[in-house]
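One structure below.
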Amino acid sequence: MEKLRTAMNFCIHYQKTLGYSIVSLLTIASEQIFSLVAFRCPCNSLNSLYGCVFLLAPAILLFLLGCMVNVRTCLLLRYSCPQEKKHCCGSWRKGHFYLKVLAPVTASILVAPLTWIAVALLSANFYECAASGSSFIRNQMCRDMDKPEACWELLEKIPCDENAVRGLNKLNLTSKGKLVSFQAQSQILGWLLIVIVITVAVILKCISRCCSPGSYFQLKFWKIYSEKEQEHFETKAKEHAAQLAERNMNYIFEATNPPPSQTPSNED
């Protein structure tokens, strides 16, 4: 029993980190399943569009889904500009306040999309398909070859045929140095993305700590207070909703005058 209590306390204490880890693991598993089951590069002129859709569309959908399920995003949009005070939306103080609120919300929402893009780049399937049909890469690699049309066709077949690179080398041996590996490019971009995201996160964390008006223990206290306040709010809200529902049902079925009930206003 003591071990179970210790495990529960650990999960509660690190619930945000565990949540991000679970989201990342689910995203990685989804990408692998998606790549094996659904992805089939057409190896024709649609390579670029097909690869970009598989690389970016799920990330955009994950971002929009994160915006929908994130409660703080809804509150930020709902109360960013009250109807009776729309002129205040351009004030610097309010803009600074919502920027402080928006930054952690955006960071939490971007976990799944960035994980998808990073894992997709490391696996290299989507990028290889998109790059093999890119007009820019095609012009760079085939402009000096004797038969550019044949080079274009072989480039489009690289994701489907391992012998396509050998065919490109045979077209013009002087251009062999330009034949780079799309998989290597994709994996380099994936690691660069991971390094950039971690570096930016560390820098922003340090800046927020240094610019915070409170000390470490004050911030810790405020975090604990916010969690407890949320817990008490949910408890009181459920109790009030149950009482209000019971009062309304008694009024409908028993025709009794309902007692007054105080519900918090928008200002509250």
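Here, A, B, ... name the chains of the structure tokens in the order displayed, residue numbers run from 1 inside each chain, and ligands are numbered from 1 in the same displayed order.
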9 Å contact set for Val23 of chain A, only C-alpha atoms, chain neighbours under 5 positions out, as a ChimeraX atom specification: /A:18,28,111-112,115
Pull the alpha helix (DSSP H) assignments for segment 132-262 of chain A out of DSSP run on the backbone, and list those residues as a count of residues only. 95
Nearest-residue call for Leu62 of chain A, choices A:Leu25, A:Leu46, A:Ala124, A:Ile109, using only C-alpha atoms: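 Checking each of A:Leu25, A:Leu46, A:Ala124, A:Ile109 against Leu62 of chain A, counting only C-alpha atoms, the winner is A:Ile109.
Of the listed residues A:Cys211, A:Val69, A:Ile194, A:Leu49, the one whose atoms come nearest to Cys129 of chain A is A:Leu49, with distances taken using only C-alpha atoms.
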Kindly indicate which residue among A:Glu229, A:Leu122, A:Leu154, A:Ile207 lies nearest to Trp191 of chain A, using only C-alpha atoms for the distances.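 Nearest to Trp191 of chain A: A:Leu122.
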